[in-house]
$ cat protein-v3.cif   # mmCIF, C-alpha atoms
data_structure
#
loop_
_atom_site.label_atom_id
_atom_site.label_comp_id
_atom_site.auth_asym_id
_atom_site.auth_seq_id
_atom_site.Cartn_x
_atom_site.Cartn_y
_atom_site.Cartn_z
CA MET A 596 -30.25 22.59 -14.32
CA SER A 597 -31.32 18.94 -14.13
CA ASN A 598 -32.78 17.49 -10.95
CA ALA A 599 -32.48 13.92 -12.21
CA PRO A 600 -31.55 11.49 -9.44
CA ALA A 601 -28.03 10.10 -9.40
CA PRO A 602 -27.78 6.70 -11.08
CA VAL A 603 -28.12 3.73 -8.75
CA ARG A 604 -24.78 2.15 -7.82
CA HIS A 605 -24.68 -1.63 -7.42
CA TYR A 606 -21.92 -3.81 -5.96
CA LEU A 607 -22.06 -7.04 -7.96
CA GLU A 608 -18.33 -7.53 -8.65
CA PHE A 609 -15.17 -6.08 -7.13
CA THR A 610 -14.69 -3.98 -10.28
CA ASP A 611 -17.87 -1.98 -9.55
CA LEU A 612 -15.84 0.54 -7.51
CA SER A 613 -12.71 2.42 -8.58
CA ALA A 614 -9.38 2.35 -6.73
CA ASP A 615 -10.09 5.86 -5.45
CA GLU A 616 -13.53 4.81 -4.19
CA TYR A 617 -11.98 1.82 -2.43
CA ALA A 618 -9.52 4.13 -0.66
CA HIS A 619 -12.53 6.08 0.62
CA VAL A 620 -14.47 2.97 1.68
CA PHE A 621 -11.45 1.53 3.53
CA ALA A 622 -10.94 4.82 5.38
CA ARG A 623 -14.64 4.90 6.27
CA ALA A 624 -14.52 1.27 7.44
CA ALA A 625 -11.69 2.17 9.83
CA GLU A 626 -13.62 5.14 11.23
CA ILE A 627 -16.90 3.21 11.51
CA LYS A 628 -15.06 0.40 13.30
CA ARG A 629 -13.47 2.94 15.67
CA LYS A 630 -16.91 4.31 16.54
CA PHE A 631 -18.23 0.77 17.13
CA LYS A 632 -15.36 -0.09 19.49
CA ALA A 633 -15.87 3.19 21.39
CA TYR A 634 -19.67 2.62 21.67
CA GLU A 635 -20.28 5.85 19.75
CA LYS A 636 -23.76 5.87 18.28
CA TYR A 637 -23.63 6.37 14.51
CA HIS A 638 -26.97 6.13 12.69
CA PRO A 639 -26.56 7.54 9.16
CA LEU A 640 -29.01 4.96 7.77
CA ALA A 641 -31.88 5.67 10.19
CA ASP A 642 -35.23 4.86 8.53
CA ARG A 643 -33.48 2.90 5.77
CA THR A 644 -34.33 -0.77 5.19
CA LEU A 645 -32.06 -3.53 3.90
CA ALA A 646 -33.68 -6.56 2.26
CA MET A 647 -31.52 -9.70 2.51
CA ILE A 648 -32.35 -12.54 0.11
CA PHE A 649 -30.69 -15.89 0.79
CA GLU A 650 -30.78 -18.75 -1.70
CA LYS A 651 -27.54 -20.05 -0.19
CA ALA A 652 -27.32 -20.55 3.57
CA SER A 653 -25.03 -18.29 5.53
CA THR A 654 -23.66 -17.49 8.97
CA ARG A 655 -21.16 -14.66 8.52
CA THR A 656 -23.02 -12.94 5.67
CA ARG A 657 -26.29 -12.84 7.57
CA VAL A 658 -24.85 -11.76 10.93
CA SER A 659 -22.49 -9.16 9.44
CA PHE A 660 -25.13 -7.49 7.26
CA GLU A 661 -27.95 -7.72 9.79
CA ALA A 662 -25.94 -6.51 12.79
CA GLY A 663 -24.21 -3.91 10.62
CA MET A 664 -27.46 -2.42 9.32
CA TYR A 665 -28.92 -2.21 12.84
CA GLN A 666 -25.71 -0.53 14.07
CA LEU A 667 -26.10 2.10 11.33
CA GLY A 668 -29.63 2.81 12.57
CA GLY A 669 -31.47 0.95 9.83
CA SER A 670 -33.73 -2.10 9.77
CA VAL A 671 -33.61 -5.45 8.01
CA VAL A 672 -36.04 -7.70 6.14
CA HIS A 673 -34.73 -11.28 5.92
CA LEU A 674 -35.93 -13.54 3.09
CA THR A 675 -34.85 -17.16 2.64
CA THR A 676 -35.42 -19.51 -0.30
CA GLY A 677 -38.63 -20.76 1.29
CA ASP A 678 -40.01 -17.22 1.44
CA SER A 679 -38.82 -16.01 -1.94
CA GLN A 680 -37.51 -18.28 -4.68
CA LEU A 681 -35.98 -15.94 -7.20
CA GLY A 682 -37.40 -16.63 -10.62
CA ARG A 683 -39.59 -19.59 -9.56
CA SER A 684 -42.78 -18.14 -8.08
CA GLU A 685 -42.40 -15.01 -10.23
CA PRO A 686 -39.81 -13.65 -12.66
CA ILE A 687 -36.67 -12.22 -11.05
CA GLU A 688 -37.37 -8.94 -12.82
CA ASP A 689 -40.77 -8.65 -11.11
CA SER A 690 -39.32 -9.49 -7.68
CA ALA A 691 -36.75 -6.75 -8.19
CA ARG A 692 -39.36 -4.19 -9.17
CA VAL A 693 -41.47 -4.96 -6.09
CA ILE A 694 -38.79 -5.40 -3.42
CA SER A 695 -36.89 -2.29 -4.54
CA ARG A 696 -40.03 -0.15 -4.15
CA MET A 697 -40.33 -1.18 -0.49
CA THR A 698 -36.70 -1.14 0.66
CA ASP A 699 -33.61 1.05 0.26
CA LEU A 700 -30.94 -1.59 -0.32
CA VAL A 701 -30.90 -5.27 -1.31
CA MET A 702 -28.27 -7.90 -0.51
CA ILE A 703 -28.53 -11.21 -2.40
CA ARG A 704 -26.66 -14.46 -1.76
CA THR A 705 -27.42 -16.86 -4.60
CA TYR A 706 -25.98 -19.26 -7.16
CA GLY A 707 -25.51 -17.82 -10.64
CA GLN A 708 -24.18 -14.30 -11.15
CA ASP A 709 -26.78 -13.89 -13.91
CA LYS A 710 -29.56 -13.91 -11.29
CA ILE A 711 -28.14 -11.00 -9.34
CA GLU A 712 -27.40 -9.07 -12.53
CA ARG A 713 -31.00 -9.52 -13.74
CA PHE A 714 -32.31 -8.41 -10.36
CA ALA A 715 -30.04 -5.35 -10.29
CA SER A 716 -31.02 -4.28 -13.79
CA HIS A 717 -34.64 -3.92 -12.62
CA SER A 718 -33.96 -2.55 -9.13
CA ARG A 719 -34.54 1.06 -8.11
CA VAL A 720 -32.08 0.68 -5.21
CA PRO A 721 -28.49 -0.55 -4.82
CA VAL A 722 -27.97 -4.32 -4.96
CA ILE A 723 -25.04 -5.96 -3.15
CA ASN A 724 -23.57 -9.35 -4.03
CA GLY A 725 -23.44 -11.34 -0.77
CA LEU A 726 -21.93 -14.27 -2.72
CA THR A 727 -22.48 -16.00 -6.06
CA ASN A 728 -20.79 -19.00 -7.67
CA GLU A 729 -18.61 -16.57 -9.63
CA PHE A 730 -17.74 -13.77 -7.16
CA HIS A 731 -17.54 -12.86 -3.47
CA PRO A 732 -16.66 -9.14 -3.48
CA CYS A 733 -17.72 -8.37 0.11
CA GLN A 734 -15.30 -10.99 1.43
CA ILE A 735 -12.33 -9.59 -0.51
CA LEU A 736 -13.37 -6.09 0.60
CA ALA A 737 -13.07 -7.29 4.20
CA ASP A 738 -9.85 -9.22 3.52
CA ILE A 739 -8.07 -6.23 2.02
CA PHE A 740 -9.32 -3.98 4.82
CA THR A 741 -7.89 -6.52 7.29
CA TYR A 742 -4.55 -6.52 5.47
CA ILE A 743 -4.43 -2.70 5.56
CA GLU A 744 -5.17 -2.75 9.31
CA HIS A 745 -2.28 -5.10 10.01
CA ARG A 746 0.29 -4.19 7.38
CA GLY A 747 -0.67 -0.99 5.57
CA SER A 748 -1.28 -0.63 1.83
CA ILE A 749 -1.65 -3.81 -0.22
CA GLN A 750 -0.33 -2.08 -3.36
CA GLY A 751 2.78 -3.82 -4.66
CA LYS A 752 2.34 -6.79 -2.33
CA THR A 753 1.98 -10.50 -3.18
CA VAL A 754 -1.05 -12.61 -2.25
CA ALA A 755 -0.74 -16.39 -2.55
CA TRP A 756 -3.98 -18.19 -3.38
CA VAL A 757 -3.76 -21.93 -2.66
CA GLY A 758 -6.68 -24.16 -3.62
CA ASP A 759 -9.81 -24.00 -5.75
CA GLY A 760 -10.11 -21.57 -8.67
CA ASN A 761 -13.46 -20.47 -7.27
CA ASN A 762 -15.42 -17.26 -6.62
CA MET A 763 -12.85 -16.12 -4.06
CA ALA A 764 -9.96 -16.65 -6.49
CA ASN A 765 -11.84 -14.78 -9.25
CA THR A 766 -12.42 -11.84 -6.94
CA TRP A 767 -8.82 -11.72 -5.70
CA LEU A 768 -7.72 -11.51 -9.34
CA GLN A 769 -10.09 -8.61 -10.02
CA ALA A 770 -8.81 -6.83 -6.91
CA ALA A 771 -5.16 -7.32 -7.88
CA GLU A 772 -5.69 -5.80 -11.31
CA LEU A 773 -7.59 -2.85 -9.84
CA LEU A 774 -5.50 -2.10 -6.75
CA GLY A 775 -2.02 -2.91 -8.05
CA PHE A 776 -0.86 -6.05 -6.30
CA THR A 777 0.05 -9.56 -7.53
CA VAL A 778 -1.70 -12.89 -6.95
CA HIS A 779 0.29 -16.14 -6.98
CA LEU A 780 -2.24 -18.80 -8.01
CA SER A 781 -1.85 -22.50 -7.33
CA THR A 782 -4.77 -24.79 -8.06
CA PRO A 783 -4.96 -28.54 -8.75
CA SER A 784 -5.21 -29.59 -12.38
CA GLY A 785 -8.82 -29.26 -13.54
CA TYR A 786 -9.69 -26.63 -10.94
CA GLU A 787 -8.03 -23.62 -12.52
CA VAL A 788 -9.41 -20.09 -12.57
CA ASP A 789 -11.30 -19.20 -15.73
CA GLN A 790 -9.79 -15.87 -16.79
CA ALA A 791 -12.89 -15.11 -18.90
CA VAL A 792 -15.17 -15.43 -15.83
CA ALA A 793 -12.89 -13.19 -13.79
CA GLY A 794 -13.05 -10.68 -16.65
CA LEU A 795 -9.36 -9.78 -16.54
CA ARG A 796 -7.91 -7.42 -19.11
CA SER A 797 -4.42 -8.92 -18.93
CA ALA A 798 -2.32 -11.53 -17.13
CA ASP A 799 0.05 -8.94 -15.64
CA SER A 800 -1.32 -9.06 -12.10
CA TYR A 801 -1.06 -12.80 -11.46
CA LYS A 802 1.31 -15.75 -11.85
CA ILE A 803 0.39 -19.43 -11.96
CA PHE A 804 2.33 -22.09 -10.02
CA LYS A 805 1.93 -25.87 -10.21
CA ASP A 806 3.51 -26.30 -6.77
CA PRO A 807 1.54 -24.54 -4.00
CA GLU A 808 4.71 -24.07 -1.95
CA ASP A 809 6.27 -22.13 -4.82
CA ALA A 810 3.18 -19.90 -4.92
CA CYS A 811 3.69 -19.07 -1.22
CA ARG A 812 7.38 -18.22 -1.62
CA GLY A 813 7.90 -14.57 -0.69
CA ALA A 814 4.16 -13.89 -0.26
CA ASP A 815 2.88 -11.14 2.04
CA LEU A 816 -0.45 -12.89 2.49
CA VAL A 817 -1.38 -16.56 2.12
CA THR A 818 -5.06 -17.38 1.74
CA THR A 819 -7.29 -20.31 0.87
CA ASP A 820 -10.87 -21.58 0.99
CA VAL A 821 -12.70 -24.86 1.43
CA TRP A 822 -12.00 -27.49 -1.19
CA THR A 823 -15.69 -27.98 -1.90
CA SER A 824 -17.73 -24.79 -2.24
CA MET A 825 -21.48 -24.69 -1.63
CA GLY A 826 -23.32 -26.27 -4.54
CA PHE A 827 -20.46 -28.65 -5.43
CA GLU A 828 -20.97 -31.19 -2.61
CA ALA A 829 -21.40 -34.09 -5.05
CA GLU A 830 -17.72 -33.65 -6.02
CA ASN A 831 -16.49 -33.82 -2.43
CA GLU A 832 -14.62 -37.15 -2.54
CA ALA A 833 -13.00 -36.45 -5.92
CA ARG A 834 -11.93 -33.04 -4.68
CA LYS A 835 -10.37 -34.46 -1.50
CA LYS A 836 -8.08 -36.60 -3.65
CA ALA A 837 -7.27 -33.84 -6.15
CA PHE A 838 -6.54 -31.24 -3.46
CA ALA A 839 -4.49 -33.44 -1.09
CA ASP A 840 -1.28 -31.42 -1.70
CA TRP A 841 -3.06 -28.05 -1.42
CA CYS A 842 -3.28 -27.89 2.37
CA VAL A 843 -1.74 -24.67 3.69
CA ASP A 844 0.64 -25.93 6.35
CA GLU A 845 3.60 -24.63 8.33
CA ALA A 846 6.04 -25.50 5.50
CA MET A 847 4.13 -23.20 3.13
CA MET A 848 4.01 -20.38 5.68
CA GLN A 849 7.75 -20.73 6.32
CA VAL A 850 8.61 -19.91 2.70
CA ALA A 851 6.33 -16.87 2.74
CA LYS A 852 7.68 -13.61 4.17
CA PRO A 853 8.41 -13.77 7.93
CA ASP A 854 5.60 -11.31 8.63
CA ALA A 855 3.14 -12.90 6.18
CA LEU A 856 -0.48 -13.12 7.25
CA PHE A 857 -2.83 -16.08 6.81
CA MET A 858 -6.51 -15.57 5.90
CA HIS A 859 -9.49 -17.84 5.31
CA CYS A 860 -13.06 -16.73 4.61
CA LEU A 861 -14.46 -19.54 6.79
CA PRO A 862 -15.92 -22.02 7.54
CA ALA A 863 -12.61 -23.87 7.72
CA HIS A 864 -11.86 -27.59 7.78
CA ARG A 865 -8.68 -28.11 9.78
CA GLY A 866 -6.59 -30.86 8.22
CA GLU A 867 -8.05 -30.29 4.75
CA GLU A 868 -7.37 -26.87 3.14
CA VAL A 869 -5.41 -25.61 6.16
CA SER A 870 -3.59 -27.19 9.09
CA ALA A 871 -4.70 -26.40 12.64
CA GLU A 872 -1.19 -25.09 13.36
CA VAL A 873 -1.60 -22.40 10.70
CA ILE A 874 -5.20 -21.26 11.22
CA ASP A 875 -4.78 -21.23 15.01
CA GLY A 876 -1.21 -19.93 14.82
CA PRO A 877 0.35 -16.48 15.28
CA GLN A 878 0.20 -15.46 11.60
CA SER A 879 -3.53 -16.13 11.29
CA VAL A 880 -5.86 -13.12 11.29
CA VAL A 881 -9.03 -15.04 10.41
CA TRP A 882 -11.05 -13.76 13.39
CA ASP A 883 -10.21 -10.12 12.66
CA GLU A 884 -11.06 -10.89 9.03
CA ALA A 885 -14.44 -12.36 10.00
CA GLU A 886 -15.33 -9.35 12.17
CA ASN A 887 -14.23 -6.97 9.44
CA ARG A 888 -16.93 -8.30 7.11
CA MET A 889 -19.31 -6.25 9.24
CA HIS A 890 -17.28 -3.03 9.34
CA ALA A 891 -16.31 -3.12 5.64
CA GLN A 892 -19.91 -3.80 4.63
CA LYS A 893 -21.16 -0.95 6.81
CA ALA A 894 -18.81 1.39 4.95
CA LEU A 895 -20.02 -0.08 1.63
CA MET A 896 -23.70 0.38 2.51
CA GLU A 897 -23.03 3.95 3.64
CA PHE A 898 -21.25 4.68 0.35
CA LEU A 899 -23.93 3.11 -1.87
CA LEU A 900 -26.74 4.99 -0.12
CA LEU A 901 -25.12 8.30 0.86
CA GLY A 902 -22.08 8.68 -1.40
CA ARG A 903 -18.85 10.05 0.07
CA VAL A 904 -19.43 10.75 3.76
CA ASN A 905 -16.72 12.40 5.85
CA ALA A 906 -18.41 12.27 9.26
#
$ encode --input "protein-v3.cif" --output "structure tokens"
Amino acid sequence: MSNAPAPVRHYLEFTDLSADEYAHVFARAAEIKRKFKAYEKYHPLADRTLAMIFEKASTRTRVSFEAGMYQLGGSVVHLTTGDSQLGRSEPIEDSARVISRMTDLVMIRTYGQDKIERFASHSRVPVINGLTNEFHPCQILADIFTYIEHRGSIQGKTVAWVGDGNNMANTWLQAAELLGFTVHLSTPSGYEVDQAVAGLRSADSYKIFKDPEDACRGADLVTTDVWTSMGFEAENEARKKAFADWCVDEAMMQVAKPDALFMHCLPAHRGEEVSAEVIDGPQSVVWDEAENRMHAQKALMEFLLLGRVNA
């Protein structure tokens, strides 16, 4: 009988877990959140250390991972670009070999997906994508958990994505194909999703709309993101002109289902990608969504380190 250790599981894209594993993680997120709200101590990751490497600045990612790891009984090492420039002071592969010998889990927020993949391929411990230019799986994990909390299963539902064909859009498309729902995509010309980057097997789980209002028609969830993602600031003025008709406003929400939810990964710019009336209105669940980054990520970290826990 072999005593070989189980292979290391990473979370670099949404497709790194199966639908069945997501069902488990969402159930665990609900239970872990219940414990948090009831002030029940739950320390399954006592004596475990999370290394957080930031090449892109962050508010929600840092607070949610750091607070979440402490709440699970673990500790955190925080590295910024000034402390550790991946691939500049030493090869990424060497950083991975060293950091993964000293910690139990690594979260990286960086630019190119290739960096995190190179790091993971030389890491002894699980690596989590805290955001790259191509994907943002932890955010969609939290968004779907938030939808389940408010409306039940997302299977068979319609999510309208209005705005940039960015890392969020790519990840929503991966999630739709995996979990059995449909994305209505509406992006300005020149800012479309690259199906090859998203890695989709077919076009069955999404539909493309030129008019953003048409994309929202009959949707169960309407969601968007800033017009200019981090790293694309030089394009800001051109994007403001191109995206002028892609502001999620009350007219768009009115053609969605009456009980449709609105989500935004934040930070938000009221009057640009979303109107104040929508993000501060009764259909918006953005603050629950922001909090749920922490609970969903706690369930993810528990799963990556301990496997299926039923505590």
$ atom_distance --input "protein-v3.cif" --atom1 "CA of Ser659 in chain A" --atom2 "CA of Lys893 in chain A"
8.7 Å
$ resolve_selection --input "protein-v3.cif" --expression "the PyMOL selection byres ((chain A and resi 783-790) around 8)" --output "list of chain:residue names"
A:Gly758, A:Asp759, A:Gly760, A:Asn761, A:Ala764, A:Asn765, A:Ser781, A:Thr782, A:Ala791, A:Val792, A:Ala793, A:Gly794, A:Leu795, A:Lys805, A:Ala837, A:Phe838, A:Trp841
$ closest_residue --input "protein-v3.cif" --among "A:Gln892, A:Ser797, A:Thr698, A:Gln769" --to "Arg643 in chain A" --atoms "all atoms listed in the file"
A:Thr698
$ resolve_selection --input "protein-v3.cif" --expression "the PyMOL selection byres ((chain A and resi 728) around 10)" --output "PyMOL selection string"
chain A and resi 704-708+726-727+729-731+761-763+824-827
$ closest_residue --input "protein-v3.cif" --among "A:Pro639, A:Pro807, A:Pro732, A:Gly813" --to "Thr753 in chain A" --atoms "all atoms listed in the file"
A:Gly813
$ residues_around --input "protein-v3.cif" --residues "Val671 in chain A" --least-positions-apart "5" --cutoff "10 Å" --atoms "all atoms listed in the file" --output "PyMOL selection string"
chain A and resi 643-647+660-665+698+700-701
$ write_last_selection --input "protein-v3.cif" --atoms "C-alpha atoms" --output "mmCIF file, keeping the file's coordinate frame"
data_model
loop_
_atom_site.group_PDB
_atom_site.id
_atom_site.type_symbol
_atom_site.label_atom_id
_atom_site.label_comp_id
_atom_site.auth_asym_id
_atom_site.auth_seq_id
_atom_site.Cartn_x
_atom_site.Cartn_y
_atom_site.Cartn_z
ATOM 1 C CA ARG A 643 -33.480 2.900 5.770
ATOM 2 C CA THR A 644 -34.330 -0.770 5.190
ATOM 3 C CA LEU A 645 -32.060 -3.530 3.900
ATOM 4 C CA ALA A 646 -33.680 -6.560 2.260
ATOM 5 C CA MET A 647 -31.520 -9.700 2.510
ATOM 6 C CA PHE A 660 -25.130 -7.490 7.260
ATOM 7 C CA GLU A 661 -27.950 -7.720 9.790
ATOM 8 C CA ALA A 662 -25.940 -6.510 12.790
ATOM 9 C CA GLY A 663 -24.210 -3.910 10.620
ATOM 10 C CA MET A 664 -27.460 -2.420 9.320
ATOM 11 C CA TYR A 665 -28.920 -2.210 12.840
ATOM 12 C CA THR A 698 -36.700 -1.140 0.660
ATOM 13 C CA LEU A 700 -30.940 -1.590 -0.320
ATOM 14 C CA VAL A 701 -30.900 -5.270 -1.310
#
$ atom_distance --input "protein-v3.cif" --atom1 "CA of Tyr606 in chain A" --atom2 "CA of Ile723 in chain A"
4.7 Å
$ atom_distance --input "protein-v3.cif" --atom1 "CA of Ser879 in chain A" --atom2 "CA of Ile703 in chain A"
28.9 Å
$ closest_residue --input "protein-v3.cif" --among "A:Asp844, A:Pro862, A:Leu774, A:Val873" --to "Asp615 in chain A" --atoms "only C-alpha atoms"
A:Leu774
$ resolve_selection --input "protein-v3.cif" --expression "the PyMOL selection byres ((chain A and resi 884) around 8)" --output "ChimeraX atom specification"
/A:737-738,741,858,860,880-883,885-888
$ closest_residue --input "protein-v3.cif" --among "A:Ala829, A:Glu712, A:Leu736, A:Leu816" --to "Ala624 in chain A" --atoms "all atoms listed in the file"
A:Leu736
